[in-house]
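Shown next: entry.txt, containing compact mmCIF, C-alpha atoms and all ligand atoms.
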# COMPACT_ATOMS: atom_id res chain seq x y z
CA MET P 1 -9.77 -23.15 11.20
CA ALA P 2 -12.51 -22.13 8.84
CA ASP P 3 -13.38 -23.88 5.58
CA TYR P 4 -14.70 -20.60 4.21
CA ASP P 5 -12.85 -17.29 4.34
CA LEU P 6 -14.92 -14.95 2.22
CA HIS P 7 -13.09 -11.64 2.65
CA SER P 8 -9.39 -11.09 1.90
CA HIS P 9 -7.01 -8.66 0.23
CA THR P 10 -3.92 -8.85 -1.96
CA ASN P 11 -1.30 -6.25 -2.82
CA HIS P 12 -3.56 -5.20 -5.71
CA SER P 13 -5.34 -3.08 -3.09
CA ASP P 14 -4.12 -2.64 0.49
CA GLY P 15 -2.98 -6.16 1.33
CA THR P 16 0.67 -7.15 1.40
CA LEU P 17 0.66 -10.59 -0.28
CA THR P 18 0.68 -11.13 -4.03
CA PRO P 19 -2.30 -13.12 -5.38
CA GLN P 20 -0.07 -16.20 -5.62
CA ALA P 21 1.21 -15.83 -2.06
CA LEU P 22 -2.33 -15.34 -0.75
CA VAL P 23 -3.41 -18.56 -2.49
CA GLU P 24 -0.51 -20.41 -0.86
CA LYS P 25 -1.34 -18.97 2.53
CA ALA P 26 -4.94 -20.16 2.12
CA VAL P 27 -3.70 -23.67 1.32
CA GLU P 28 -1.41 -23.58 4.38
CA MET P 29 -4.33 -22.47 6.56
CA LYS P 30 -6.54 -25.25 5.09
CA VAL P 31 -9.13 -22.80 3.75
CA LYS P 32 -11.28 -24.57 1.17
CA GLN P 33 -13.11 -21.61 -0.34
CA LEU P 34 -11.33 -18.27 -0.40
CA ALA P 35 -12.94 -15.09 -1.65
CA ILE P 36 -10.49 -12.45 -2.82
CA THR P 37 -12.18 -9.10 -2.31
CA ASP P 38 -9.82 -6.24 -3.10
CA HIS P 39 -11.06 -2.67 -2.73
CA ASP P 40 -12.64 -1.50 -6.00
CA THR P 41 -10.60 -3.81 -8.22
CA THR P 42 -10.72 -7.36 -9.58
CA SER P 43 -7.21 -7.27 -11.01
CA ALA P 44 -5.80 -9.96 -8.70
CA LEU P 45 -8.38 -12.60 -9.60
CA ALA P 46 -6.91 -13.98 -12.82
CA ASP P 47 -3.45 -14.64 -11.30
CA ALA P 48 -4.98 -16.12 -8.15
CA GLU P 49 -7.25 -18.47 -10.08
CA LEU P 50 -4.44 -19.63 -12.31
CA HIS P 51 -2.19 -20.33 -9.33
CA ALA P 52 -4.97 -22.07 -7.42
CA GLN P 53 -5.31 -24.66 -10.19
CA GLN P 54 -2.34 -26.44 -8.60
CA PHE P 55 -4.28 -26.91 -5.36
CA PRO P 56 -7.41 -29.04 -5.87
CA ASP P 57 -8.64 -28.55 -2.30
CA LEU P 58 -8.91 -24.77 -2.71
CA THR P 59 -11.58 -22.91 -4.69
CA ILE P 60 -11.30 -19.20 -5.36
CA VAL P 61 -14.53 -17.24 -5.09
CA LYS P 62 -14.24 -14.19 -7.32
CA GLY P 63 -14.98 -11.10 -5.27
CA ILE P 64 -14.63 -7.37 -4.83
CA GLU P 65 -15.15 -4.92 -1.97
CA LEU P 66 -16.91 -1.79 -3.19
CA SER P 67 -16.56 1.50 -1.31
CA CYS P 68 -19.97 3.09 -0.70
CA ARG P 69 -21.40 6.19 0.86
CA TRP P 70 -24.37 5.83 3.19
CA ASN P 71 -25.69 8.68 5.31
CA LYS P 72 -22.42 10.63 5.06
CA GLN P 73 -20.41 7.60 6.18
CA ASP P 74 -18.16 5.21 4.29
CA VAL P 75 -19.44 1.63 4.27
CA HIS P 76 -18.24 -1.39 2.32
CA ILE P 77 -20.18 -3.92 0.26
CA VAL P 78 -18.53 -7.14 -0.82
CA GLY P 79 -19.60 -8.83 -4.05
CA LEU P 80 -19.09 -12.61 -4.18
CA GLY P 81 -19.20 -14.68 -7.36
CA ILE P 82 -18.99 -11.63 -9.62
CA ASP P 83 -17.96 -11.84 -13.28
CA PRO P 84 -14.89 -9.58 -13.64
CA ASP P 85 -15.68 -9.17 -17.36
CA SER P 86 -19.12 -7.73 -16.72
CA PRO P 87 -19.29 -4.35 -18.53
CA VAL P 88 -21.40 -2.82 -15.76
CA LEU P 89 -18.83 -3.83 -13.18
CA ILE P 90 -15.92 -2.62 -15.30
CA GLU P 91 -17.55 0.79 -15.72
CA CYS P 92 -18.27 0.99 -12.00
CA ILE P 93 -14.65 0.14 -11.15
CA GLU P 94 -13.43 2.89 -13.48
CA GLN P 95 -15.60 5.44 -11.68
CA GLN P 96 -14.51 4.25 -8.25
CA GLN P 97 -10.86 4.43 -9.27
CA GLN P 98 -11.28 7.98 -10.57
CA ALA P 99 -12.78 8.88 -7.20
CA ARG P 100 -9.79 7.22 -5.50
CA VAL P 101 -7.25 9.26 -7.47
CA LEU P 102 -9.11 12.51 -6.84
CA ARG P 103 -9.36 11.70 -3.13
CA ALA P 104 -5.68 10.75 -2.96
CA LYS P 105 -4.69 14.15 -4.35
CA LYS P 106 -6.86 15.90 -1.78
CA ILE P 107 -5.52 13.78 1.10
CA SER P 108 -2.00 14.60 -0.05
CA GLU P 109 -2.78 18.35 -0.06
CA LYS P 110 -4.11 18.10 3.46
CA LEU P 111 -1.02 16.22 4.63
CA GLU P 112 1.19 18.83 3.01
CA LYS P 113 -0.62 21.50 5.05
CA GLN P 114 0.20 19.44 8.14
CA GLY P 115 3.89 19.58 7.22
CA TYR P 116 4.21 16.31 5.28
CA PRO P 117 4.72 16.99 1.55
CA GLY P 118 5.17 14.24 -1.07
CA ALA P 119 2.46 11.86 0.11
CA PHE P 120 0.80 11.41 -3.29
CA ASP P 121 4.02 10.40 -5.04
CA TYR P 122 4.96 8.05 -2.20
CA ALA P 123 1.53 6.40 -2.20
CA GLN P 124 1.47 6.08 -5.97
CA ASP P 125 4.92 4.46 -5.87
CA ILE P 126 3.99 1.77 -3.36
CA ALA P 127 0.47 1.09 -4.70
CA HIS P 128 0.08 -1.79 -7.16
CA ALA P 129 -1.43 0.59 -9.72
CA PRO P 130 -1.70 4.39 -9.76
CA THR P 131 -5.50 4.08 -9.55
CA GLN P 132 -5.33 1.84 -6.49
CA ILE P 133 -4.06 4.23 -3.83
CA THR P 134 -5.67 3.38 -0.50
CA ARG P 135 -5.53 5.05 2.89
CA PRO P 136 -3.18 2.37 4.30
CA HIS P 137 -0.63 3.56 1.70
CA PHE P 138 -0.88 7.03 3.22
CA ALA P 139 -0.68 5.48 6.69
CA GLN P 140 2.60 3.85 5.67
CA PHE P 141 3.85 7.24 4.46
CA LEU P 142 3.00 8.81 7.83
CA VAL P 143 4.81 6.03 9.70
CA GLU P 144 7.83 6.46 7.42
CA GLN P 145 7.79 10.22 8.03
CA LYS P 146 7.66 9.52 11.77
CA ALA P 147 4.45 11.53 12.01
CA VAL P 148 3.00 8.53 13.88
CA LYS P 149 4.34 5.22 15.17
CA THR P 150 1.74 2.79 13.82
CA ILE P 151 -0.84 2.42 11.06
CA PRO P 152 -3.82 2.56 13.47
CA GLN P 153 -2.39 5.80 14.90
CA ALA P 154 -2.24 7.26 11.38
CA PHE P 155 -5.98 6.61 11.07
CA LYS P 156 -6.70 7.96 14.52
CA LYS P 157 -4.92 11.25 13.94
CA TYR P 158 -5.02 11.87 10.17
CA LEU P 159 -6.93 9.46 7.94
CA GLY P 160 -10.03 8.31 9.81
CA GLN P 161 -13.44 9.87 9.27
CA GLY P 162 -13.40 13.53 10.38
CA LYS P 163 -9.65 13.56 11.17
CA LEU P 164 -7.01 16.03 9.93
CA ALA P 165 -6.51 14.60 6.42
CA TYR P 166 -9.88 12.92 5.93
CA VAL P 167 -11.60 13.60 2.62
CA SER P 168 -15.23 12.66 2.10
CA THR P 169 -15.70 10.92 -1.22
CA GLU P 170 -18.55 10.41 -3.66
CA TRP P 171 -18.44 6.64 -3.66
CA LEU P 172 -21.35 4.53 -4.95
CA SER P 173 -24.58 4.51 -3.02
CA VAL P 174 -25.61 1.27 -1.30
CA GLU P 175 -28.39 0.81 -3.88
CA GLU P 176 -25.96 1.27 -6.78
CA ALA P 177 -23.43 -1.18 -5.36
CA ILE P 178 -26.11 -3.85 -4.86
CA GLN P 179 -27.32 -3.33 -8.44
CA VAL P 180 -23.85 -3.50 -9.96
CA ILE P 181 -23.06 -6.69 -8.05
CA ALA P 182 -26.39 -8.28 -9.06
CA ASN P 183 -25.85 -7.28 -12.70
CA SER P 184 -22.45 -8.90 -12.70
CA GLY P 185 -23.86 -12.16 -11.35
CA GLY P 186 -22.73 -11.81 -7.74
CA LEU P 187 -24.20 -11.86 -4.26
CA SER P 188 -23.93 -8.64 -2.25
CA VAL P 189 -22.70 -8.78 1.33
CA LEU P 190 -22.59 -5.91 3.81
CA ALA P 191 -18.98 -6.00 5.02
CA HIS P 192 -17.91 -5.99 8.70
CA PRO P 193 -21.01 -4.28 10.17
CA SER P 194 -19.45 -4.30 13.64
CA HIS P 195 -16.50 -2.19 12.52
CA TYR P 196 -18.33 0.98 11.57
CA SER P 197 -18.35 3.69 14.21
CA MET P 198 -22.12 3.66 14.59
CA THR P 199 -24.57 3.23 17.40
CA ARG P 200 -26.64 0.04 17.26
CA THR P 201 -29.64 2.15 16.28
CA LYS P 202 -27.80 3.57 13.29
CA LEU P 203 -26.31 0.21 12.38
CA SER P 204 -29.79 -1.31 12.48
CA ARG P 205 -30.90 1.37 10.01
CA LEU P 206 -28.00 0.62 7.70
CA LEU P 207 -28.80 -3.10 7.78
CA LYS P 208 -32.47 -2.42 7.12
CA ASP P 209 -31.68 -0.09 4.19
CA PHE P 210 -29.27 -2.69 2.81
CA ALA P 211 -31.89 -5.44 3.02
CA SER P 212 -34.64 -3.23 1.53
CA ALA P 213 -32.36 -2.32 -1.39
CA GLY P 214 -32.07 -6.02 -2.26
CA GLY P 215 -28.80 -6.89 -0.49
CA ASP P 216 -28.25 -10.64 -0.14
CA ALA P 217 -26.14 -11.17 2.97
CA MET P 218 -24.19 -9.61 5.81
CA GLU P 219 -20.94 -10.55 7.49
CA VAL P 220 -21.91 -12.08 10.79
CA ILE P 221 -18.32 -13.10 11.46
CA THR P 222 -15.28 -10.92 10.92
CA SER P 223 -11.96 -10.58 12.76
CA ASN P 224 -11.81 -8.72 16.08
CA GLN P 225 -15.39 -9.18 17.15
CA THR P 226 -16.78 -10.50 20.43
CA SER P 227 -19.18 -13.45 20.42
CA ASP P 228 -21.95 -11.23 21.85
CA VAL P 229 -21.71 -9.00 18.82
CA SER P 230 -21.64 -12.01 16.47
CA GLN P 231 -24.84 -13.29 18.08
CA TRP P 232 -26.48 -9.86 17.76
CA LEU P 233 -25.54 -9.80 14.07
CA ALA P 234 -26.77 -13.37 13.58
CA ASN P 235 -30.16 -12.37 15.01
CA LYS P 236 -30.25 -9.33 12.73
CA SER P 237 -29.55 -11.49 9.69
CA LEU P 238 -32.51 -13.73 10.59
CA GLU P 239 -34.79 -10.77 11.29
CA LEU P 240 -33.94 -9.15 7.94
CA ASN P 241 -33.88 -12.37 5.96
CA LEU P 242 -30.26 -11.89 4.97
CA LYS P 243 -27.82 -14.74 4.48
CA ALA P 244 -24.81 -14.86 6.78
CA SER P 245 -21.24 -14.55 5.56
CA GLN P 246 -17.88 -14.91 7.28
CA GLY P 247 -14.43 -13.57 6.42
CA SER P 248 -11.23 -12.56 8.15
CA ASP P 249 -10.63 -9.36 6.11
CA PHE P 250 -7.04 -10.54 5.92
CA HIS P 251 -4.53 -7.92 4.72
CA GLY P 252 -1.18 -9.55 5.60
CA ALA P 253 1.37 -8.97 8.33
CA LYS P 254 0.97 -5.18 8.47
CA MET P 255 -2.51 -5.67 9.91
CA PRO P 256 -1.78 -8.62 12.22
CA TRP P 257 -5.16 -8.59 13.97
CA ALA P 258 -6.80 -10.37 11.00
CA LYS P 259 -5.51 -13.90 10.36
CA LEU P 260 -6.44 -15.80 7.22
CA GLY P 261 -8.88 -18.64 7.95
CA ARG P 262 -8.77 -17.99 11.71
CA ILE P 263 -12.27 -16.86 12.47
CA PRO P 264 -14.83 -18.17 14.93
CA SER P 265 -17.65 -20.43 13.71
CA MET P 266 -20.87 -18.86 12.64
CA PRO P 267 -23.70 -18.99 15.24
CA LYS P 268 -25.81 -22.11 14.59
CA ASN P 269 -29.06 -20.32 13.78
CA CYS P 270 -27.66 -18.49 10.71
CA ALA P 271 -28.36 -19.20 7.04
CA PRO P 272 -24.86 -19.45 5.52
CA ILE P 273 -24.38 -17.69 2.19
CA TRP P 274 -22.71 -20.79 0.71
CA GLU P 275 -26.02 -22.64 0.99
CA SER P 276 -27.62 -20.07 -1.32
CA ASP P 277 -28.87 -21.32 -4.74
CA ARG P 278 -26.68 -18.73 -6.37
CA TRP P 279 -23.46 -19.70 -4.58
CA PRO P 280 -20.73 -19.85 -7.27
CA ALA P 281 -18.83 -22.91 -5.97
CA SER P 282 -19.67 -26.57 -5.29
CA PRO P 283 -20.49 -27.54 -1.72
CA ILE P 284 -17.56 -28.72 0.37
CA SER P 285 -17.86 -32.44 0.90
CA SER P 286 -18.10 -33.28 4.57
CA CYS P 287 -15.94 -36.43 4.27
CA ASP P 288 -12.83 -34.39 3.34
P1 LIG E 1 -9.71 3.10 1.63
O1 LIG E 1 -10.49 2.02 0.90
O2 LIG E 1 -8.60 3.65 0.78
O3 LIG E 1 -10.59 4.15 2.22
O4 LIG E 1 -8.98 2.38 2.84
C1 LIG E 1 -9.74 1.68 3.76
C2 LIG E 1 -8.88 0.64 4.43
O5 LIG E 1 -8.12 1.22 5.46
C3 LIG E 1 -9.69 -0.42 5.15
O6 LIG E 1 -10.08 -1.42 4.25
C4 LIG E 1 -8.71 -0.96 6.15
O7 LIG E 1 -7.87 -1.90 5.54
C5 LIG E 1 -7.87 0.26 6.49
N1 LIG E 1 -8.30 0.89 7.76
C6 LIG E 1 -9.42 1.59 7.99
N2 LIG E 1 -9.45 2.03 9.27
C7 LIG E 1 -8.33 1.58 9.87
C8 LIG E 1 -7.76 1.70 11.17
N3 LIG E 1 -8.39 2.39 12.13
N4 LIG E 1 -6.59 1.10 11.40
C9 LIG E 1 -5.95 0.41 10.43
N5 LIG E 1 -6.42 0.27 9.19
C10 LIG E 1 -7.58 0.85 8.89
MN MN E 2 -8.52 -2.66 3.46
MN MN E 3 -13.75 -2.98 4.42
MN MN E 4 -11.78 -5.63 3.39
What's the structure tokens form of this structure?
Ligand code: AMP
Ligand code: MN
Ligand code: MN
Ligand code: MN
Amino acid sequence: MADYDLHSHTNHSDGTLTPQALVEKAVEMKVKQLAITDHDTTSALADAELHAQQFPDLTIVKGIELSCRWNKQDVHIVGLGIDPDSPVLIECIEQQQQARVLRAKKISEKLEKQGYPGAFDYAQDIAHAPTQITRPHFAQFLVEQKAVKTIPQAFKKYLGQGKLAYVSTEWLSVEEAIQVIANSGGLSVLAHPSHYSMTRTKLSRLLKDFASAGGDAMEVITSNQTSDVSQWLANKSLELNLKASQGSDFHGAKMPWAKLGRIPSMPKNCAPIWESDRWPASPISSCD
């Protein structure tokens, strides 16, 4: 069990648990610091923080996961310790959400051409807010329509990069995301580097660009990753002088491969992000 789980989702984006239920799950899993990092929204944070007040052993780290475009590929940057009231962040979220709605309409048109009309309305209905439609909502639609059997199959055939209903989107650039996170008081973390479909050469370039643009940390540990890869990422973090972060990327039961608080330990040589001067929470006392 991990003390720190610094990447998780609620039903305010594409997770299944409410903020309150996620907090309770974190308590059950004995997580001590939980970052809630919904895609392009901070709307779950207030409810989660309020609920967490009942549980003195759990601290909520206020986070977000920003969608970015790098070299014609979608990549994600997590912000940890952000101020949700920061005007720069609020403006950025508005832009990202506009891009989401526009993309959702285009995805829906593509699915209609494939013989599946009504996707936009379905997705908007099940999303927490009309501006928070995510691809997993479309994946659920495709499963419901019996176009595919599972959510991963929906990505493989329709929603993944370059597939039948994929729409490339003008998300933030990596530089912009790092700036917005810094301006709102947070630390920027390159999310799940091992999960992009990139060669190691290309991934090394992404990591280098991220570090040169002033990024603070990278996820060395995420769910579904072999220990060889974790060690490779740990070495990269040292080489690039990036702090190391860890998070399950928990989404709830619909994505059962990621379990809250169940992630391997970070390789020993890393510099954990929670030891950073700018870490927003108190250190966990070792005598707990
Ligand atoms: P979006 O932010 O709307 O582009 O949706 C991205 C989300 O889709 C990711 O955060 C994952 O939760 C989910 N996702 C991406 N690829 C896959 C996949 N191959 N199988 C299942 N879920 C996926
Ligand atoms: Mn997601
Ligand atoms: Mn992500
Ligand atoms: Mn995520």
Selection within 8 Å of ligand MN 3 (chain E) by all atoms listed in the file, output as a VMD selection string: chain P and resid 39 65 67 75 to 77 191 to 192 249
Exercise: range 269-283 of chain P partners within 6 Å, all atoms listed in the file, chain neighbours under 4 positions left out, as a ChimeraX atom specification: /P:81,234,243-245
Within 10 Å of ligand MN 2 (chain E), which residues of chain P come that close, and what is the closest atom pair and distance in Å for each? Count only C-alpha atoms and all ligand atoms and give it as JSON lines.
{"residue": "P:Ser8", "atom": "CA", "partner": "E:MN2", "partner_atom": "MN", "distance": 8.6}
{"residue": "P:His9", "atom": "CA", "partner": "E:MN2", "partner_atom": "MN", "distance": 7.0}
{"residue": "P:Thr10", "atom": "CA", "partner": "E:MN2", "partner_atom": "MN", "distance": 9.4}
{"residue": "P:Ser13", "atom": "CA", "partner": "E:MN2", "partner_atom": "MN", "distance": 7.3}
{"residue": "P:Asp14", "atom": "CA", "partner": "E:MN2", "partner_atom": "MN", "distance": 5.3}
{"residue": "P:Gly15", "atom": "CA", "partner": "E:MN2", "partner_atom": "MN", "distance": 6.9}
{"residue": "P:Thr37", "atom": "CA", "partner": "E:MN2", "partner_atom": "MN", "distance": 9.4}
{"residue": "P:Asp38", "atom": "CA", "partner": "E:MN2", "partner_atom": "MN", "distance": 7.6}
{"residue": "P:His39", "atom": "CA", "partner": "E:MN2", "partner_atom": "MN", "distance": 6.7}
{"residue": "P:Glu65", "atom": "CA", "partner": "E:MN2", "partner_atom": "MN", "distance": 8.9}
{"residue": "P:His76", "atom": "CA", "partner": "E:MN2", "partner_atom": "MN", "distance": 9.9}
{"residue": "P:Thr134", "atom": "CA", "partner": "E:MN2", "partner_atom": "MN", "distance": 7.8}
{"residue": "P:Arg135", "atom": "CA", "partner": "E:MN2", "partner_atom": "MN", "distance": 8.3}
{"residue": "P:Pro136", "atom": "CA", "partner": "E:MN2", "partner_atom": "MN", "distance": 7.4}
{"residue": "P:Asp249", "atom": "CA", "partner": "E:MN2", "partner_atom": "MN", "distance": 7.5}
{"residue": "P:Phe250", "atom": "CA", "partner": "E:MN2", "partner_atom": "MN", "distance": 8.4}
{"residue": "P:His251", "atom": "CA", "partner": "E:MN2", "partner_atom": "MN", "distance": 6.7}
{"residue": "P:Met255", "atom": "CA", "partner": "E:MN2", "partner_atom": "MN", "distance": 9.3}
Could those selected residues go to a file with C-alpha atoms, as a PDB file, keeping the file's coordinate frame?
ATOM      1  CA  SER P   8      -9.390 -11.090   1.900  1.00  0.00           C
ATOM      2  CA  HIS P   9      -7.010  -8.660   0.230  1.00  0.00           C
ATOM      3  CA  THR P  10      -3.920  -8.850  -1.960  1.00  0.00           C
ATOM      4  CA  SER P  13      -5.340  -3.080  -3.090  1.00  0.00           C
ATOM      5  CA  ASP P  14      -4.120  -2.640   0.490  1.00  0.00           C
ATOM      6  CA  GLY P  15      -2.980  -6.160   1.330  1.00  0.00           C
ATOM      7  CA  THR P  37     -12.180  -9.100  -2.310  1.00  0.00           C
ATOM      8  CA  ASP P  38      -9.820  -6.240  -3.100  1.00  0.00           C
ATOM      9  CA  HIS P  39     -11.060  -2.670  -2.730  1.00  0.00           C
ATOM     10  CA  GLU P  65     -15.150  -4.920  -1.970  1.00  0.00           C
ATOM     11  CA  HIS P  76     -18.240  -1.390   2.320  1.00  0.00           C
ATOM     12  CA  THR P 134      -5.670   3.380  -0.500  1.00  0.00           C
ATOM     13  CA  ARG P 135      -5.530   5.050   2.890  1.00  0.00           C
ATOM     14  CA  PRO P 136      -3.180   2.370   4.300  1.00  0.00           C
ATOM     15  CA  ASP P 249     -10.630  -9.360   6.110  1.00  0.00           C
ATOM     16  CA  PHE P 250      -7.040 -10.540   5.920  1.00  0.00           C
ATOM     17  CA  HIS P 251      -4.530  -7.920   4.720  1.00  0.00           C
ATOM     18  CA  MET P 255      -2.510  -5.670   9.910  1.00  0.00           C
TER      19      MET P 255
END
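Here the question is which of P:Met29, P:Ala177, P:Leu22, P:Ala211 gets nearest to Asp47 in chain P using only C-alpha atoms, and that residue is P:Leu22.
Of the residues listed (P:Leu66, P:Ile36, P:Leu207, P:Ala104), P:Ala104 shows the shortest atom-to-atom separation from Gly118 in chain P; distances use only C-alpha atoms.
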Counting all atoms listed in the file, what is within 10 Å of Lys25 in chain P, bar same-chain residues fewer than 6 positions away, as a PDB file with C-alpha atoms, keeping the file's coordinate frame?
ATOM      1  CA  LEU P  17       0.660 -10.590  -0.280  1.00  0.00           C
ATOM      2  CA  PRO P  19      -2.300 -13.120  -5.380  1.00  0.00           C
ATOM      3  CA  VAL P  31      -9.130 -22.800   3.750  1.00  0.00           C
ATOM      4  CA  GLY P 252      -1.180  -9.550   5.600  1.00  0.00           C
ATOM      5  CA  LEU P 260      -6.440 -15.800   7.220  1.00  0.00           C
ATOM      6  CA  GLY P 261      -8.880 -18.640   7.950  1.00  0.00           C
TER       7      GLY P 261
END
Top pick for closest residue to ligand LIG 1 (chain E), considering P:Met218, P:Ala253, P:Cys92, P:Val180 and counting only C-alpha atoms and all ligand atoms: P:Ala253
Test item: residues at most 8 Å from Met266 in chain P, all atoms listed in the file, excluding those fewer than 4 positions along its chain, as JSON, numbers by chain: {"P": [220, 221, 230, 246, 270]}
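In terms of minimum interatomic distance to Gln98 in chain P, P:Glu170 ranks closest within P:Glu170, P:Glu112, P:Asp121, P:Asp83, counting all atoms listed in the file.
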Separation of CA of Pro193 in chain P from CA of Gln225 in chain P, in Å and rounded to one decimal: 10.2 Å
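The gap separating CA of Thr16 in chain P from CA of Tyr4 in chain P is 20.6 Å, in Å to one decimal.
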Length of the CA of Leu34 in chain P to CA of Thr59 in chain P vector [Å]: 6.3 Å
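Between Leu89 in chain P and the candidates P:Leu164, P:Ile284, P:Leu187, P:Ile64, the tightest atom-to-atom separation, counting all atoms listed in the file, involves P:Ile64.
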Residue nearest ligand MN 4 (chain E) - candidates P:Gln124, P:Ser248, P:Ala217, P:Phe138, atoms counted: all atoms listed in the file: P:Ser248
For Lys110 in chain P: contacts at 12 Å, only C-alpha atoms, fewer than 2 positions along chain excluded, given as a compact mmCIF listing (two decimals) with C-alpha atoms, in the frame of the given file:
# COMPACT_ATOMS: atom_id res chain seq x y z
CA ARG P 103 -9.36 11.70 -3.13
CA ALA P 104 -5.68 10.75 -2.96
CA LYS P 105 -4.69 14.15 -4.35
CA LYS P 106 -6.86 15.90 -1.78
CA ILE P 107 -5.52 13.78 1.10
CA SER P 108 -2.00 14.60 -0.05
CA GLU P 112 1.19 18.83 3.01
CA LYS P 113 -0.62 21.50 5.05
CA GLN P 114 0.20 19.44 8.14
CA GLY P 115 3.89 19.58 7.22
CA TYR P 116 4.21 16.31 5.28
CA PRO P 117 4.72 16.99 1.55
CA GLY P 118 5.17 14.24 -1.07
CA ALA P 119 2.46 11.86 0.11
CA PHE P 120 0.80 11.41 -3.29
CA PHE P 138 -0.88 7.03 3.22
CA TYR P 158 -5.02 11.87 10.17
CA LEU P 159 -6.93 9.46 7.94
CA LYS P 163 -9.65 13.56 11.17
CA LEU P 164 -7.01 16.03 9.93
CA ALA P 165 -6.51 14.60 6.42
CA TYR P 166 -9.88 12.92 5.93
CA VAL P 167 -11.60 13.60 2.62
Non-local contacts of range 93-96 of chain P (8 Å; only C-alpha atoms; under 3 positions in same chain excluded) as JSON, numbers by chain: {"P": [40, 41, 67, 89, 90, 99, 100, 171, 172]}
Nearby residues, (-27.9, -5.4, 11.4) file frame, 7 Å, all atoms listed in the file, as a PyMOL selection string: chain P and resi 203-204+207-208+233+236-237
Selected residues, C-alpha atoms, written as a PDB file, keeping the file's coordinate frame, please.
ATOM      1  CA  LEU P 203     -26.310   0.210  12.380  1.00  0.00           C
ATOM      2  CA  SER P 204     -29.790  -1.310  12.480  1.00  0.00           C
ATOM      3  CA  LEU P 207     -28.800  -3.100   7.780  1.00  0.00           C
ATOM      4  CA  LYS P 208     -32.470  -2.420   7.120  1.00  0.00           C
ATOM      5  CA  LEU P 233     -25.540  -9.800  14.070  1.00  0.00           C
ATOM      6  CA  LYS P 236     -30.250  -9.330  12.730  1.00  0.00           C
ATOM      7  CA  SER P 237     -29.550 -11.490   9.690  1.00  0.00           C
TER       8      SER P 237
END
Report as AutoDock Vina command-line options the centre and the edge lengths, in Å to one decimal, of the axis-aligned box holding every listed atom of range 233-248 of chain P, padded by 6 Å on each side.
--center_x -23.0 --center_y -12.0 --center_z 9.7 --size_x 35.6 --size_y 17.8 --size_z 22.5
Sphere at (-15.0, -21.2, 16.5), radius 10 Å, counting only C-alpha atoms: residues as a list in words: Met1, Ala2, Ser227, Arg262, Ile263, Pro264, Ser265, Met266 and Pro267 of chain P
